[in-house]
file run31.cif (mmCIF, N, CA and C atoms)
data_upload
loop_
_atom_site.group_PDB
_atom_site.id
_atom_site.type_symbol
_atom_site.label_atom_id
_atom_site.label_comp_id
_atom_site.auth_asym_id
_atom_site.auth_seq_id
_atom_site.Cartn_x
_atom_site.Cartn_y
_atom_site.Cartn_z
ATOM 1 N N ASP R 1 -136.392 -203.214 11.188
ATOM 2 C CA ASP R 1 -134.948 -203.189 11.336
ATOM 3 C C ASP R 1 -134.586 -202.162 12.417
ATOM 4 N N SER R 2 -133.770 -202.559 13.348
ATOM 5 C CA SER R 2 -133.457 -201.703 14.506
ATOM 6 C C SER R 2 -132.676 -200.449 14.104
ATOM 7 N N ARG R 3 -131.847 -200.542 13.076
ATOM 8 C CA ARG R 3 -131.097 -199.367 12.622
ATOM 9 C C ARG R 3 -132.039 -198.305 12.061
ATOM 10 N N LEU R 4 -132.998 -198.727 11.294
ATOM 11 C CA LEU R 4 -133.983 -197.806 10.721
ATOM 12 C C LEU R 4 -134.831 -197.177 11.829
ATOM 13 N N LEU R 5 -135.237 -197.979 12.799
ATOM 14 C CA LEU R 5 -136.010 -197.476 13.933
ATOM 15 C C LEU R 5 -135.204 -196.445 14.724
ATOM 16 N N SER R 6 -133.928 -196.739 14.958
ATOM 17 C CA SER R 6 -133.053 -195.807 15.668
ATOM 18 C C SER R 6 -132.936 -194.492 14.904
ATOM 19 N N HIS R 7 -132.743 -194.581 13.591
ATOM 20 C CA HIS R 7 -132.641 -193.379 12.765
ATOM 21 C C HIS R 7 -133.938 -192.565 12.815
ATOM 22 N N ALA R 8 -135.073 -193.236 12.756
ATOM 23 C CA ALA R 8 -136.365 -192.546 12.803
ATOM 24 C C ALA R 8 -136.554 -191.834 14.140
ATOM 25 N N LEU R 9 -136.181 -192.494 15.236
ATOM 26 C CA LEU R 9 -136.306 -191.874 16.559
ATOM 27 C C LEU R 9 -135.392 -190.655 16.696
ATOM 28 N N MET R 10 -134.136 -190.796 16.278
ATOM 29 C CA MET R 10 -133.188 -189.684 16.378
ATOM 30 C C MET R 10 -133.621 -188.515 15.486
ATOM 31 N N SER R 11 -134.098 -188.815 14.291
ATOM 32 C CA SER R 11 -134.585 -187.758 13.394
ATOM 33 C C SER R 11 -135.761 -187.013 14.011
ATOM 34 N N GLY R 12 -136.665 -187.749 14.640
ATOM 35 C CA GLY R 12 -137.810 -187.126 15.298
ATOM 36 C C GLY R 12 -137.381 -186.228 16.447
ATOM 37 N N LEU R 13 -136.426 -186.684 17.251
ATOM 38 C CA LEU R 13 -135.910 -185.857 18.349
ATOM 39 C C LEU R 13 -135.243 -184.585 17.814
ATOM 40 N N ALA R 14 -134.523 -184.714 16.712
ATOM 41 C CA ALA R 14 -133.879 -183.546 16.114
ATOM 42 C C ALA R 14 -134.924 -182.569 15.567
ATOM 43 N N ARG R 15 -135.943 -183.084 14.899
ATOM 44 C CA ARG R 15 -137.008 -182.205 14.376
ATOM 45 C C ARG R 15 -137.724 -181.469 15.494
ATOM 46 N N ASP R 16 -137.889 -182.120 16.646
ATOM 47 C CA ASP R 16 -138.565 -181.501 17.790
ATOM 48 C C ASP R 16 -137.651 -180.557 18.576
ATOM 49 N N GLY R 17 -136.378 -180.487 18.194
ATOM 50 C CA GLY R 17 -135.445 -179.622 18.900
ATOM 51 C C GLY R 17 -134.911 -180.223 20.185
ATOM 52 N N ARG R 18 -135.146 -181.500 20.412
ATOM 53 C CA ARG R 18 -134.652 -182.153 21.637
ATOM 54 C C ARG R 18 -133.219 -182.606 21.493
ATOM 55 N N ILE R 19 -132.797 -182.836 20.267
ATOM 56 C CA ILE R 19 -131.387 -183.080 19.972
ATOM 57 C C ILE R 19 -130.976 -182.018 18.969
ATOM 58 N N ALA R 20 -129.884 -181.339 19.266
ATOM 59 C CA ALA R 20 -129.454 -180.246 18.396
ATOM 60 C C ALA R 20 -127.940 -180.238 18.264
ATOM 61 N N HIS R 21 -127.501 -179.740 17.129
ATOM 62 C CA HIS R 21 -126.079 -179.578 16.846
ATOM 63 C C HIS R 21 -125.768 -178.085 16.954
ATOM 64 N N LEU R 22 -124.902 -177.754 17.897
ATOM 65 C CA LEU R 22 -124.460 -176.379 18.046
ATOM 66 C C LEU R 22 -123.053 -176.241 17.480
ATOM 67 N N ARG R 23 -122.813 -175.181 16.762
ATOM 68 C CA ARG R 23 -121.477 -174.869 16.257
ATOM 69 C C ARG R 23 -121.017 -173.631 17.013
ATOM 70 N N VAL R 24 -119.895 -173.764 17.714
ATOM 71 C CA VAL R 24 -119.417 -172.693 18.582
ATOM 72 C C VAL R 24 -118.018 -172.289 18.146
ATOM 73 N N LEU R 25 -117.852 -171.022 17.795
ATOM 74 C CA LEU R 25 -116.536 -170.464 17.516
ATOM 75 C C LEU R 25 -116.023 -169.907 18.827
ATOM 76 N N MET R 26 -114.826 -170.349 19.243
ATOM 77 C CA MET R 26 -114.333 -169.998 20.563
ATOM 78 C C MET R 26 -112.845 -169.701 20.530
ATOM 79 N N PRO R 27 -112.375 -168.885 21.478
ATOM 80 C CA PRO R 27 -110.935 -168.687 21.588
ATOM 81 C C PRO R 27 -110.277 -170.011 21.967
ATOM 82 N N ASP R 28 -109.130 -170.284 21.394
ATOM 83 C CA ASP R 28 -108.417 -171.525 21.691
ATOM 84 C C ASP R 28 -107.519 -171.301 22.904
ATOM 85 N N ILE R 29 -108.165 -171.315 24.071
ATOM 86 C CA ILE R 29 -107.461 -171.064 25.336
ATOM 87 C C ILE R 29 -107.827 -172.147 26.345
ATOM 88 N N PRO R 30 -106.966 -172.389 27.318
ATOM 89 C CA PRO R 30 -107.308 -173.367 28.356
ATOM 90 C C PRO R 30 -108.601 -172.967 29.073
ATOM 91 N N GLY R 31 -109.465 -173.925 29.276
ATOM 92 C CA GLY R 31 -110.721 -173.684 29.982
ATOM 93 C C GLY R 31 -111.888 -173.327 29.083
ATOM 94 N N GLY R 32 -111.646 -173.118 27.796
ATOM 95 C CA GLY R 32 -112.725 -172.753 26.880
ATOM 96 C C GLY R 32 -113.794 -173.827 26.775
ATOM 97 N N LEU R 33 -113.358 -175.060 26.633
ATOM 98 C CA LEU R 33 -114.302 -176.172 26.542
ATOM 99 C C LEU R 33 -115.106 -176.313 27.834
ATOM 100 N N ALA R 34 -114.467 -176.088 28.964
ATOM 101 C CA ALA R 34 -115.158 -176.162 30.262
ATOM 102 C C ALA R 34 -116.240 -175.088 30.364
ATOM 103 N N LYS R 35 -115.963 -173.899 29.838
ATOM 104 C CA LYS R 35 -116.973 -172.822 29.876
ATOM 105 C C LYS R 35 -118.191 -173.187 29.033
ATOM 106 N N VAL R 36 -117.953 -173.793 27.879
ATOM 107 C CA VAL R 36 -119.078 -174.224 27.041
ATOM 108 C C VAL R 36 -119.890 -175.291 27.778
ATOM 109 N N ALA R 37 -119.219 -176.265 28.361
ATOM 110 C CA ALA R 37 -119.907 -177.333 29.102
ATOM 111 C C ALA R 37 -120.705 -176.759 30.265
ATOM 112 N N THR R 38 -120.168 -175.737 30.930
ATOM 113 C CA THR R 38 -120.877 -175.102 32.040
ATOM 114 C C THR R 38 -122.166 -174.437 31.562
ATOM 115 N N CYS R 39 -122.115 -173.783 30.402
ATOM 116 C CA CYS R 39 -123.327 -173.165 29.844
ATOM 117 C C CYS R 39 -124.392 -174.216 29.524
ATOM 118 N N VAL R 40 -123.964 -175.343 28.969
ATOM 119 C CA VAL R 40 -124.904 -176.413 28.639
ATOM 120 C C VAL R 40 -125.504 -176.997 29.922
ATOM 121 N N ALA R 41 -124.656 -177.251 30.906
ATOM 122 C CA ALA R 41 -125.113 -177.844 32.169
ATOM 123 C C ALA R 41 -126.042 -176.916 32.935
ATOM 124 N N LYS R 42 -125.837 -175.625 32.825
ATOM 125 C CA LYS R 42 -126.676 -174.639 33.526
ATOM 126 C C LYS R 42 -128.161 -174.850 33.209
ATOM 127 N N TYR R 43 -128.456 -175.310 31.995
ATOM 128 C CA TYR R 43 -129.846 -175.515 31.579
ATOM 129 C C TYR R 43 -130.298 -176.966 31.713
ATOM 130 N N GLY R 44 -129.431 -177.820 32.228
ATOM 131 C CA GLY R 44 -129.805 -179.212 32.434
ATOM 132 C C GLY R 44 -129.795 -180.046 31.169
ATOM 133 N N ALA R 45 -129.111 -179.571 30.145
ATOM 134 C CA ALA R 45 -129.008 -180.340 28.905
ATOM 135 C C ALA R 45 -127.856 -181.342 29.014
ATOM 136 N N ASN R 46 -127.881 -182.319 28.148
ATOM 137 C CA ASN R 46 -126.890 -183.387 28.155
ATOM 138 C C ASN R 46 -126.041 -183.302 26.888
ATOM 139 N N VAL R 47 -124.732 -183.462 27.023
ATOM 140 C CA VAL R 47 -123.825 -183.478 25.873
ATOM 141 C C VAL R 47 -123.757 -184.903 25.332
ATOM 142 N N LEU R 48 -124.058 -185.056 24.051
ATOM 143 C CA LEU R 48 -124.012 -186.369 23.411
ATOM 144 C C LEU R 48 -122.736 -186.568 22.603
ATOM 145 N N GLU R 49 -122.261 -185.507 21.952
ATOM 146 C CA GLU R 49 -121.057 -185.578 21.122
ATOM 147 C C GLU R 49 -120.318 -184.260 21.193
ATOM 148 N N VAL R 50 -118.978 -184.331 21.087
ATOM 149 C CA VAL R 50 -118.151 -183.135 21.038
ATOM 150 C C VAL R 50 -117.059 -183.347 19.995
ATOM 151 N N GLU R 51 -116.859 -182.353 19.144
ATOM 152 C CA GLU R 51 -115.754 -182.356 18.194
ATOM 153 C C GLU R 51 -115.090 -180.988 18.275
ATOM 154 N N HIS R 52 -113.828 -180.974 18.632
ATOM 155 C CA HIS R 52 -113.059 -179.748 18.831
ATOM 156 C C HIS R 52 -112.062 -179.661 17.691
ATOM 157 N N ARG R 53 -112.186 -178.634 16.825
ATOM 158 C CA ARG R 53 -111.343 -178.534 15.635
ATOM 159 C C ARG R 53 -110.563 -177.237 15.623
ATOM 160 N N ARG R 54 -109.310 -177.357 15.295
ATOM 161 C CA ARG R 54 -108.476 -176.177 15.092
ATOM 162 C C ARG R 54 -108.007 -176.090 13.643
ATOM 163 N N GLU R 55 -107.781 -177.218 13.025
ATOM 164 C CA GLU R 55 -107.080 -177.273 11.747
ATOM 165 C C GLU R 55 -107.946 -177.064 10.511
ATOM 166 N N PHE R 56 -109.101 -177.648 10.467
ATOM 167 C CA PHE R 56 -109.834 -177.755 9.217
ATOM 168 C C PHE R 56 -110.924 -176.700 9.042
ATOM 169 N N ALA R 57 -110.773 -175.583 9.669
ATOM 170 C CA ALA R 57 -111.781 -174.533 9.549
ATOM 171 C C ALA R 57 -111.085 -173.246 9.105
ATOM 172 N N ASP R 58 -111.818 -172.405 8.456
ATOM 173 C CA ASP R 58 -111.297 -171.119 7.996
ATOM 174 C C ASP R 58 -111.447 -170.108 9.134
ATOM 175 N N ILE R 59 -110.575 -170.237 10.151
ATOM 176 C CA ILE R 59 -110.654 -169.400 11.344
ATOM 177 C C ILE R 59 -109.265 -168.899 11.716
ATOM 178 N N SER R 60 -109.222 -167.950 12.619
ATOM 179 C CA SER R 60 -107.964 -167.417 13.138
ATOM 180 C C SER R 60 -107.171 -168.517 13.828
ATOM 181 N N LEU R 61 -105.855 -168.338 13.870
ATOM 182 C CA LEU R 61 -104.993 -169.306 14.550
ATOM 183 C C LEU R 61 -105.263 -169.383 16.042
ATOM 184 N N LYS R 62 -105.892 -168.360 16.608
ATOM 185 C CA LYS R 62 -106.167 -168.320 18.038
ATOM 186 C C LYS R 62 -107.583 -168.760 18.378
ATOM 187 N N GLN R 63 -108.261 -169.388 17.403
ATOM 188 C CA GLN R 63 -109.632 -169.828 17.614
ATOM 189 C C GLN R 63 -109.778 -171.317 17.325
ATOM 190 N N ALA R 64 -110.873 -171.861 17.775
ATOM 191 C CA ALA R 64 -111.235 -173.255 17.505
ATOM 192 C C ALA R 64 -112.733 -173.306 17.242
ATOM 193 N N VAL R 65 -113.143 -174.335 16.544
ATOM 194 C CA VAL R 65 -114.565 -174.583 16.311
ATOM 195 C C VAL R 65 -114.945 -175.800 17.133
ATOM 196 N N LEU R 66 -116.008 -175.647 17.894
ATOM 197 C CA LEU R 66 -116.529 -176.749 18.692
ATOM 198 C C LEU R 66 -117.877 -177.136 18.110
ATOM 199 N N ASN R 67 -117.988 -178.365 17.641
ATOM 200 C CA ASN R 67 -119.267 -178.915 17.210
ATOM 201 C C ASN R 67 -119.754 -179.782 18.357
ATOM 202 N N ILE R 68 -120.917 -179.446 18.865
ATOM 203 C CA ILE R 68 -121.426 -180.141 20.042
ATOM 204 C C ILE R 68 -122.877 -180.553 19.786
ATOM 205 N N VAL R 69 -123.178 -181.797 20.049
ATOM 206 C CA VAL R 69 -124.548 -182.297 19.930
ATOM 207 C C VAL R 69 -125.082 -182.435 21.346
ATOM 208 N N ILE R 70 -126.217 -181.782 21.581
ATOM 209 C CA ILE R 70 -126.815 -181.805 22.918
ATOM 210 C C ILE R 70 -128.217 -182.393 22.874
ATOM 211 N N GLU R 71 -128.633 -182.890 24.022
ATOM 212 C CA GLU R 71 -130.010 -183.335 24.214
ATOM 213 C C GLU R 71 -130.625 -182.386 25.228
ATOM 214 N N ALA R 72 -131.684 -181.705 24.816
ATOM 215 C CA ALA R 72 -132.352 -180.725 25.666
ATOM 216 C C ALA R 72 -133.824 -181.105 25.799
ATOM 217 N N GLN R 73 -134.529 -180.410 26.681
ATOM 218 C CA GLN R 73 -135.950 -180.712 26.885
ATOM 219 C C GLN R 73 -136.797 -180.299 25.698
ATOM 220 N N ASN R 74 -136.393 -179.218 25.019
ATOM 221 C CA ASN R 74 -137.159 -178.719 23.885
ATOM 222 C C ASN R 74 -136.324 -177.698 23.106
ATOM 223 N N ARG R 75 -136.867 -177.222 22.005
ATOM 224 C CA ARG R 75 -136.172 -176.260 21.144
ATOM 225 C C ARG R 75 -135.872 -174.954 21.886
ATOM 226 N N GLU R 76 -136.781 -174.531 22.746
ATOM 227 C CA GLU R 76 -136.574 -173.286 23.494
ATOM 228 C C GLU R 76 -135.333 -173.378 24.384
ATOM 229 N N MET R 77 -135.135 -174.529 25.017
ATOM 230 C CA MET R 77 -133.951 -174.713 25.858
ATOM 231 C C MET R 77 -132.686 -174.644 25.008
ATOM 232 N N THR R 78 -132.724 -175.261 23.838
ATOM 233 C CA THR R 78 -131.575 -175.203 22.928
ATOM 234 C C THR R 78 -131.271 -173.756 22.544
ATOM 235 N N GLU R 79 -132.309 -172.986 22.263
ATOM 236 C CA GLU R 79 -132.119 -171.576 21.914
ATOM 237 C C GLU R 79 -131.575 -170.782 23.099
ATOM 238 N N GLN R 80 -132.020 -171.099 24.311
ATOM 239 C CA GLN R 80 -131.497 -170.437 25.509
ATOM 240 C C GLN R 80 -130.004 -170.741 25.694
ATOM 241 N N ILE R 81 -129.628 -171.978 25.439
ATOM 242 C CA ILE R 81 -128.216 -172.360 25.554
ATOM 243 C C ILE R 81 -127.397 -171.594 24.521
ATOM 244 N N ARG R 82 -127.882 -171.538 23.288
ATOM 245 C CA ARG R 82 -127.187 -170.765 22.246
ATOM 246 C C ARG R 82 -127.030 -169.313 22.672
ATOM 247 N N ASP R 83 -128.102 -168.720 23.188
ATOM 248 C CA ASP R 83 -128.056 -167.320 23.615
ATOM 249 C C ASP R 83 -127.083 -167.126 24.770
ATOM 250 N N GLU R 84 -127.068 -168.059 25.710
ATOM 251 C CA GLU R 84 -126.150 -167.988 26.853
ATOM 252 C C GLU R 84 -124.695 -168.067 26.376
ATOM 253 N N LEU R 85 -124.425 -168.952 25.430
ATOM 254 C CA LEU R 85 -123.073 -169.055 24.881
ATOM 255 C C LEU R 85 -122.658 -167.745 24.224
ATOM 256 N N ASN R 86 -123.573 -167.130 23.487
ATOM 257 C CA ASN R 86 -123.258 -165.854 22.843
ATOM 258 C C ASN R 86 -123.036 -164.744 23.875
ATOM 259 N N LYS R 87 -123.818 -164.732 24.942
ATOM 260 C CA LYS R 87 -123.626 -163.740 26.010
ATOM 261 C C LYS R 87 -122.298 -163.943 26.726
ATOM 262 N N THR R 88 -121.837 -165.188 26.772
ATOM 263 C CA THR R 88 -120.598 -165.519 27.462
ATOM 264 C C THR R 88 -119.374 -165.151 26.630
ATOM 265 N N GLY R 89 -119.584 -164.768 25.373
ATOM 266 C CA GLY R 89 -118.474 -164.326 24.539
ATOM 267 C C GLY R 89 -118.106 -165.261 23.408
ATOM 268 N N PHE R 90 -118.847 -166.348 23.273
ATOM 269 C CA PHE R 90 -118.622 -167.257 22.157
ATOM 270 C C PHE R 90 -119.485 -166.810 20.991
ATOM 271 N N ARG R 91 -119.239 -167.375 19.816
ATOM 272 C CA ARG R 91 -120.131 -167.168 18.680
ATOM 273 C C ARG R 91 -120.782 -168.505 18.399
ATOM 274 N N ALA R 92 -122.032 -168.666 18.801
ATOM 275 C CA ALA R 92 -122.713 -169.958 18.702
ATOM 276 C C ALA R 92 -123.911 -169.864 17.768
ATOM 277 N N GLU R 93 -124.130 -170.948 17.062
ATOM 278 C CA GLU R 93 -125.312 -171.058 16.213
ATOM 279 C C GLU R 93 -125.834 -172.479 16.280
ATOM 280 N N ILE R 94 -127.127 -172.605 16.024
ATOM 281 C CA ILE R 94 -127.720 -173.935 15.939
ATOM 282 C C ILE R 94 -127.542 -174.369 14.491
ATOM 283 N N ALA R 95 -126.726 -175.377 14.280
ATOM 284 C CA ALA R 95 -126.399 -175.825 12.937
ATOM 285 C C ALA R 95 -127.618 -176.477 12.277
ATOM 286 N N GLY R 96 -127.715 -176.279 10.984
ATOM 287 C CA GLY R 96 -128.811 -176.902 10.236
ATOM 288 C C GLY R 96 -130.113 -176.144 10.328
ATOM 289 N N THR R 97 -130.093 -174.939 10.903
ATOM 290 C CA THR R 97 -131.296 -174.117 10.955
ATOM 291 C C THR R 97 -130.942 -172.716 10.498
ATOM 292 N N SER R 98 -131.946 -171.918 10.286
ATOM 293 C CA SER R 98 -131.695 -170.522 9.943
ATOM 294 C C SER R 98 -131.525 -169.681 11.203
ATOM 295 N N ALA R 99 -131.707 -170.280 12.380
ATOM 296 C CA ALA R 99 -131.555 -169.565 13.656
ATOM 297 C C ALA R 99 -130.094 -169.582 14.048
ATOM 298 N N SER R 100 -129.384 -168.543 13.681
ATOM 299 C CA SER R 100 -127.963 -168.479 14.027
ATOM 300 C C SER R 100 -127.669 -167.194 14.756
ATOM 301 N N ALA R 101 -126.518 -167.163 15.399
ATOM 302 C CA ALA R 101 -126.122 -166.008 16.198
ATOM 303 C C ALA R 101 -125.360 -165.014 15.375
#
call {"tool": "encode", "arguments": {"input": "run31.cif", "output": "structure tokens"}}
result
Amino acid sequence: DSRLLSHALMSGLARDGRIAHLRVLMPDIPGGLAKVATCVAKYGANVLEVEHRREFADISLKQAVLNIVIEAQNREMTEQIRDELNKTGFRAEIAGTSASA
């Protein structure tokens, strides 16, 4: 079944760190999303999904949560992107792992 095969492939990529879900706490200001995209692009990773939330999170009124799914070459690249986001002033973590910022 093609759906099962697709799920198995995506799960394998996620286990290998080639697809990762990053959760980024960011100031809700113009250009914030562009700065996150610039950090991801700097490492040659690809954005697969983006969810920008202001309402449904327990955060300050001046903040937003960005859930972003990226495709990277490996887990190390994903960790570098997370570290770069944190250096840039965001609070980023790799969701679903114990490796958080």
call {"tool": "residues_around", "arguments": {"input": "run31.cif", "residues": "Ile19 of chain R", "least_positions_apart": "4", "cutoff": "5 Å", "atoms": "all atoms listed in the file", "output": "JSON, numbers by chain"}}
result
{"R": [13, 14, 70, 71, 72]}
call {"tool": "residues_around", "arguments": {"input": "run31.cif", "residues": "segment 75-90 of chain R", "least_positions_apart": "4", "cutoff": "8 Å", "atoms": "only N, CA and C atoms", "output": "list of chain:residue names"}}
result
R:Arg15, R:Asp16, R:Gly17, R:Arg18, R:Ile19, R:Ala20, R:Leu22, R:Val24, R:Leu25, R:Met26, R:Pro27, R:Lys35, R:Val36, R:Cys39, R:Val40, R:Tyr43, R:Ala45, R:Ile70, R:Glu71, R:Ile94, R:Ala101
call {"tool": "closest_residue", "arguments": {"input": "run31.cif", "among": "R:Val69, R:Gly96, R:Ser2, R:Val50", "to": "Ala34 of chain R", "atoms": "only C-alpha atoms"}}
result
R:Val50
call {"tool": "atom_distance", "arguments": {"input": "run31.cif", "atom1": "atom N of Ile29 of chain R", "atom2": "atom CA of Ile68 of chain R"}}
result
16.4 Å
call {"tool": "axis_aligned_box", "arguments": {"input": "run31.cif", "around": "segment 62-70 of chain R", "padding_each_side": "3 Å", "output": "JSON"}}
result
{"center_x": -117.1, "center_y": -175.4, "center_z": 19.6, "size_x": 28.3, "size_y": 20.1, "size_z": 12.6}
call {"tool": "atom_distance", "arguments": {"input": "run31.cif", "atom1": "atom N of Leu4 of chain R", "atom2": "atom N of Leu48 of chain R"}}
result
20.7 Å
call {"tool": "select_by_dssp", "arguments": {"input": "run31.cif", "residues": "chain R", "states": "strand (DSSP E)", "output": "count of residues only"}}
result
30
call {"tool": "closest_residue", "arguments": {"input": "run31.cif", "among": "R:Arg53, R:Leu66, R:Ser60, R:His21", "to": "Ala95 of chain R", "atoms": "only N, CA and C atoms"}}
result
R:His21
call {"tool": "closest_residue", "arguments": {"input": "run31.cif", "among": "R:Asp28, R:Arg23, R:Asp1, R:Lys42", "to": "Ala64 of chain R", "atoms": "only N, CA and C atoms"}}
result
R:Asp28
call {"tool": "atom_distance", "arguments": {"input": "run31.cif", "atom1": "atom CA of Ala37 of chain R", "atom2": "atom N of Lys62 of chain R"}}
result
20.8 Å
call {"tool": "select_by_dssp", "arguments": {"input": "run31.cif", "residues": "chain R", "states": "alpha helix (DSSP H)", "output": "NGL selection string"}}
result
:R and (2-15 or 32-42 or 75-87)
call {"tool": "closest_residue", "arguments": {"input": "run31.cif", "among": "R:Arg3, R:Gln73, R:Glu93, R:Ala8", "to": "Asn46 of chain R", "atoms": "all atoms listed in the file"}}
result
R:Gln73
call {"tool": "build_atoms", "arguments": {"input": "run31.cif", "residues": "segment 62-70 of chain R", "atoms": "all heavy atoms", "output": "mmCIF file, keeping the file's coordinate frame"}}
result
data_model
loop_
_atom_site.group_PDB
_atom_site.id
_atom_site.type_symbol
_atom_site.label_atom_id
_atom_site.label_comp_id
_atom_site.auth_asym_id
_atom_site.auth_seq_id
_atom_site.Cartn_x
_atom_site.Cartn_y
_atom_site.Cartn_z
ATOM 1 N N LYS R 62 -105.892 -168.360 16.608
ATOM 2 C CA LYS R 62 -106.167 -168.320 18.038
ATOM 3 C C LYS R 62 -107.583 -168.760 18.378
ATOM 4 O O LYS R 62 -108.066 -168.537 19.472
ATOM 5 C CB LYS R 62 -105.920 -166.912 18.577
ATOM 6 C CG LYS R 62 -104.474 -166.482 18.457
ATOM 7 C CD LYS R 62 -104.276 -165.092 18.985
ATOM 8 C CE LYS R 62 -102.820 -164.677 18.854
ATOM 9 N NZ LYS R 62 -102.589 -163.354 19.389
ATOM 10 N N GLN R 63 -108.261 -169.388 17.403
ATOM 11 C CA GLN R 63 -109.632 -169.828 17.614
ATOM 12 C C GLN R 63 -109.778 -171.317 17.325
ATOM 13 O O GLN R 63 -108.930 -171.933 16.693
ATOM 14 C CB GLN R 63 -110.593 -169.049 16.720
ATOM 15 C CG GLN R 63 -110.680 -167.576 17.076
ATOM 16 C CD GLN R 63 -111.662 -166.857 16.190
ATOM 17 O OE1 GLN R 63 -111.672 -167.042 14.986
ATOM 18 N NE2 GLN R 63 -112.481 -166.031 16.798
ATOM 19 N N ALA R 64 -110.873 -171.861 17.775
ATOM 20 C CA ALA R 64 -111.235 -173.255 17.505
ATOM 21 C C ALA R 64 -112.733 -173.306 17.242
ATOM 22 O O ALA R 64 -113.482 -172.422 17.669
ATOM 23 C CB ALA R 64 -110.881 -174.140 18.689
ATOM 24 N N VAL R 65 -113.143 -174.335 16.544
ATOM 25 C CA VAL R 65 -114.565 -174.583 16.311
ATOM 26 C C VAL R 65 -114.945 -175.800 17.133
ATOM 27 O O VAL R 65 -114.277 -176.832 17.087
ATOM 28 C CB VAL R 65 -114.868 -174.833 14.825
ATOM 29 C CG1 VAL R 65 -116.311 -175.267 14.635
ATOM 30 C CG2 VAL R 65 -114.570 -173.596 14.004
ATOM 31 N N LEU R 66 -116.008 -175.647 17.894
ATOM 32 C CA LEU R 66 -116.529 -176.749 18.692
ATOM 33 C C LEU R 66 -117.877 -177.136 18.110
ATOM 34 O O LEU R 66 -118.794 -176.316 18.049
ATOM 35 C CB LEU R 66 -116.686 -176.306 20.148
ATOM 36 C CG LEU R 66 -117.151 -177.363 21.127
ATOM 37 C CD1 LEU R 66 -116.065 -178.419 21.305
ATOM 38 C CD2 LEU R 66 -117.482 -176.737 22.463
ATOM 39 N N ASN R 67 -117.988 -178.365 17.641
ATOM 40 C CA ASN R 67 -119.267 -178.915 17.210
ATOM 41 C C ASN R 67 -119.754 -179.782 18.357
ATOM 42 O O ASN R 67 -119.062 -180.707 18.775
ATOM 43 C CB ASN R 67 -119.106 -179.743 15.935
ATOM 44 C CG ASN R 67 -118.792 -178.874 14.749
ATOM 45 O OD1 ASN R 67 -119.569 -177.991 14.404
ATOM 46 N ND2 ASN R 67 -117.645 -179.089 14.128
ATOM 47 N N ILE R 68 -120.917 -179.446 18.865
ATOM 48 C CA ILE R 68 -121.426 -180.141 20.042
ATOM 49 C C ILE R 68 -122.877 -180.553 19.786
ATOM 50 O O ILE R 68 -123.680 -179.755 19.306
ATOM 51 C CB ILE R 68 -121.275 -179.266 21.302
ATOM 52 C CG1 ILE R 68 -121.717 -179.981 22.551
ATOM 53 C CG2 ILE R 68 -121.951 -177.929 21.148
ATOM 54 C CD1 ILE R 68 -121.329 -179.266 23.834
ATOM 55 N N VAL R 69 -123.178 -181.797 20.049
ATOM 56 C CA VAL R 69 -124.548 -182.297 19.930
ATOM 57 C C VAL R 69 -125.082 -182.435 21.346
ATOM 58 O O VAL R 69 -124.458 -183.066 22.199
ATOM 59 C CB VAL R 69 -124.608 -183.649 19.186
ATOM 60 C CG1 VAL R 69 -126.041 -184.174 19.139
ATOM 61 C CG2 VAL R 69 -124.036 -183.511 17.781
ATOM 62 N N ILE R 70 -126.217 -181.782 21.581
ATOM 63 C CA ILE R 70 -126.815 -181.805 22.918
ATOM 64 C C ILE R 70 -128.217 -182.393 22.874
ATOM 65 O O ILE R 70 -128.876 -182.377 21.840
ATOM 66 C CB ILE R 70 -126.863 -180.395 23.550
ATOM 67 C CG1 ILE R 70 -127.769 -179.467 22.731
ATOM 68 C CG2 ILE R 70 -125.471 -179.819 23.720
ATOM 69 C CD1 ILE R 70 -128.116 -178.160 23.436
#
